[in-house]
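Reading through the structure tokens given below for one structure.
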Amino acid sequence: MSWLPELAPGDTGLDRVFGLRPDLYDAFRAFYALFWTRGLLDPVVLELCRVRVAQLLGCATEQAVRYAPARDAGLTEAQLAALPRWPDDPRFTDAQRAALAFAEQFVLDPHGVDHGLRDAVIDHLELAGLVALCEALALFDGFCRFRTVLAVDGPSTPTLVAAPSADGPLP
Amino acid sequence: MTPTPRHPIQGNVLGTQPESLAAFDRLYGLLWSHGLVDHTAKELARLRNARITDCGY
């Protein structure tokens with residue numbers, strides 16, 4: 001339960017916390033939903049990176065959420081369970097490995113993102129994909145920290161939810 | 001004739017994702033144009049964050 005002394009009405013923990021600033025929450029949801037609804041990145045790559053960032057930052061809620069577009073595109077619980085072992089596990093494609101290597105360095109020390117990491121992502125996702133990945137990682141990293149600092153409630157076990165939308169609740 | 005101000009990031013690599021750039025602009029613009037936190041505090045926090053993460057931009 002969030003430690004905030006006041007909460008907004010809402011169906012989810014994020015609704016109740018971020019809903020305290022409804023204008024910002026609306027603009028945030030419109031931005032966040034784009035990554036799933038407009039196909040800016042492959043949904044499996046996007047989901048793997050989101051969960052990996054949550055693992056690195058110890059955000060239990062984000063680790064428990066499963067967005068439907070990735071599941072619909074073929075992401076399995078077995079692959080998610082293998083995520084900490086992505087460098088050696090055969091379940092991961094070269095494109096997924098390139099994105100995950102980039103994502104890990106982005107979170108741990110962005111100054112350590114070198115030409116090799118960048119070029120590997122561009123080879124698989126093109127330049128526009130690299131830009132979309134950086135934007136998505138900035139959201140994942142920042143809002144794992146947001147959830148952690150404000151103790152935002154959320155699912156504690158794997159929970160499948162619909163694609164984020166500009167006007168719907170976020171888990 | 002007054003020249004049109006150049007968008008600071010539209011002309012660079014972020015312009016490869018115009019839809020997300022527009023959505024980001026709306027969110028970031030709201031953050032700076034509205035709110036309970038005064039602009040001085042926001043700017044100090046932004047600069048402090050940039051120093052901690054060593055972001056020269």
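Identifiers in the structure tokens: chain A, B, ... in order shown; residue index from 1 per chain; ligand index from 1 in order shown.
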Counting only C-alpha atoms, which residues of chain B sit at most 8 Å from some atom of chain A, and what is each one's closest atom pair with its distance in Å to one decimal, listed by chain and rising residue number, as CSV?
```
residue,atom,partner,partner_atom,distance
B:Val13,CA,A:Val131,CA,7.1
B:Leu14,CA,A:Val131,CA,6.3
B:Thr16,CA,A:Ala128,CA,5.3
B:Gln17,CA,A:Ala128,CA,6.3
B:Ser20,CA,A:Phe31,CA,6.5
B:Ala23,CA,A:Phe31,CA,5.0
B:Phe24,CA,A:Phe31,CA,6.2
B:Arg26,CA,A:Ala27,CA,6.5
B:Leu27,CA,A:Ala27,CA,5.0
B:Leu30,CA,A:Leu24,CA,6.7
B:Leu31,CA,A:Leu24,CA,7.1
```
DSSP-assigned helix (DSSP H, G or I) members of chain B, reported as a PyMOL selection string: chain B and resi 13-16+18-33+39-52
Exercise: Ala81 of chain A partners within 12 Å, only C-alpha atoms, chain neighbours under 4 positions left out, as an mmCIF file with C-alpha atoms, in the first residue's frame:
```cif
data_model
loop_
_atom_site.group_PDB
_atom_site.id
_atom_site.type_symbol
_atom_site.label_atom_id
_atom_site.label_comp_id
_atom_site.auth_asym_id
_atom_site.auth_seq_id
_atom_site.Cartn_x
_atom_site.Cartn_y
_atom_site.Cartn_z
ATOM 1 C CA LEU A 48 11.408 -8.598 -22.510
ATOM 2 C CA VAL A 51 10.643 -7.019 -17.456
ATOM 3 C CA ARG A 52 14.455 -7.066 -17.542
ATOM 4 C CA GLN A 55 14.410 -7.201 -12.573
ATOM 5 C CA GLN A 63 7.916 -7.989 -13.033
ATOM 6 C CA ALA A 64 4.444 -9.441 -12.389
ATOM 7 C CA LEU A 75 6.135 -14.666 -25.558
ATOM 8 C CA THR A 76 5.885 -17.519 -23.047
ATOM 9 C CA GLU A 77 6.335 -17.810 -19.292
ATOM 10 C CA ARG A 85 20.072 -16.111 -18.517
ATOM 11 C CA TRP A 86 19.387 -14.483 -21.908
ATOM 12 C CA ASP A 89 19.667 -19.430 -23.339
ATOM 13 C CA ARG A 91 15.109 -19.264 -26.451
ATOM 14 C CA PHE A 92 16.317 -15.762 -27.327
ATOM 15 C CA PRO A 158 2.061 -12.981 -13.025
#
```
If we count only C-alpha atoms, what is near segment 147-156 of chain A at a cut-off of 8 Å, once residues fewer than 2 positions away on the same chain are taken out, given as a ChimeraX atom specification? /A:1-4,12-14,17,59-61,64-65,143-145,158-159,171
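Note that the spacing between atom CA of Gly19 of chain A and atom CA of Leu139 of chain A amounts to 17.4 Å.
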Would you give me, as a ChimeraX atom specification, the residues in chain A that DSSP reads as strand (DSSP E or B)? /A:65-67,159-161
Do a neighbour search on Gln105 of chain A at 12 Å with only C-alpha atoms, toss out local chain neighbours closer than 3 positions, and write the hits as a compact mmCIF listing (two decimals) with N, CA and C atoms, in the first residue's frame.
```txt
# COMPACT_ATOMS: atom_id res chain seq x y z
N CYS A 49 12.37 -6.38 -22.58
CA CYS A 49 13.15 -5.26 -22.03
C CYS A 49 12.47 -4.65 -20.81
N ARG A 52 13.04 -7.02 -17.94
CA ARG A 52 14.45 -7.07 -17.54
C ARG A 52 14.83 -5.81 -16.75
N VAL A 53 14.34 -4.66 -17.19
CA VAL A 53 14.59 -3.43 -16.43
C VAL A 53 14.02 -3.56 -15.03
N LEU A 56 16.28 -5.69 -12.90
CA LEU A 56 17.51 -5.00 -12.48
C LEU A 56 17.23 -4.00 -11.38
N ALA A 98 20.31 -8.42 -28.71
CA ALA A 98 20.85 -7.07 -28.95
C ALA A 98 20.10 -6.04 -28.11
N ALA A 99 18.78 -6.16 -28.08
CA ALA A 99 17.97 -5.20 -27.31
C ALA A 99 18.20 -5.37 -25.81
N LEU A 100 18.33 -6.60 -25.35
CA LEU A 100 18.52 -6.83 -23.91
C LEU A 100 19.91 -6.36 -23.45
N ALA A 101 20.92 -6.58 -24.26
CA ALA A 101 22.26 -6.10 -23.90
C ALA A 101 22.25 -4.57 -23.79
N PHE A 102 21.60 -3.94 -24.74
CA PHE A 102 21.48 -2.48 -24.74
C PHE A 102 20.71 -2.02 -23.50
N LEU A 108 22.24 0.27 -16.14
CA LEU A 108 23.38 0.19 -15.21
C LEU A 108 24.33 1.38 -15.36
N ASP A 109 24.61 1.80 -16.59
CA ASP A 109 25.49 2.95 -16.84
C ASP A 109 25.37 3.36 -18.30
N PRO A 110 24.54 4.35 -18.59
CA PRO A 110 24.32 4.71 -19.99
C PRO A 110 25.59 5.19 -20.70
N HIS A 111 26.57 5.69 -19.93
CA HIS A 111 27.82 6.10 -20.58
C HIS A 111 28.58 4.91 -21.14
N GLY A 112 28.21 3.72 -20.70
CA GLY A 112 28.86 2.51 -21.19
C GLY A 112 28.22 1.94 -22.45
N VAL A 113 27.19 2.61 -22.96
CA VAL A 113 26.59 2.17 -24.24
C VAL A 113 27.55 2.58 -25.35
N ASP A 114 28.16 1.59 -25.98
CA ASP A 114 29.18 1.89 -26.99
C ASP A 114 28.66 1.61 -28.41
N GLY A 116 29.31 -0.78 -30.36
CA GLY A 116 28.92 -2.16 -30.58
C GLY A 116 27.49 -2.43 -30.16
N LEU A 117 27.11 -1.93 -28.99
CA LEU A 117 25.74 -2.12 -28.51
C LEU A 117 24.74 -1.39 -29.41
N ARG A 118 25.09 -0.17 -29.78
CA ARG A 118 24.18 0.61 -30.64
C ARG A 118 24.02 -0.04 -32.01
N CYS A 134 15.14 3.40 -26.88
CA CYS A 134 15.64 4.33 -25.85
C CYS A 134 14.50 5.03 -25.13
N LEU A 137 12.86 2.49 -22.83
CA LEU A 137 13.71 2.20 -21.67
C LEU A 137 13.69 3.35 -20.67
N ASP A 141 12.59 2.54 -16.96
CA ASP A 141 13.53 2.84 -15.88
C ASP A 141 12.92 3.88 -14.93
```
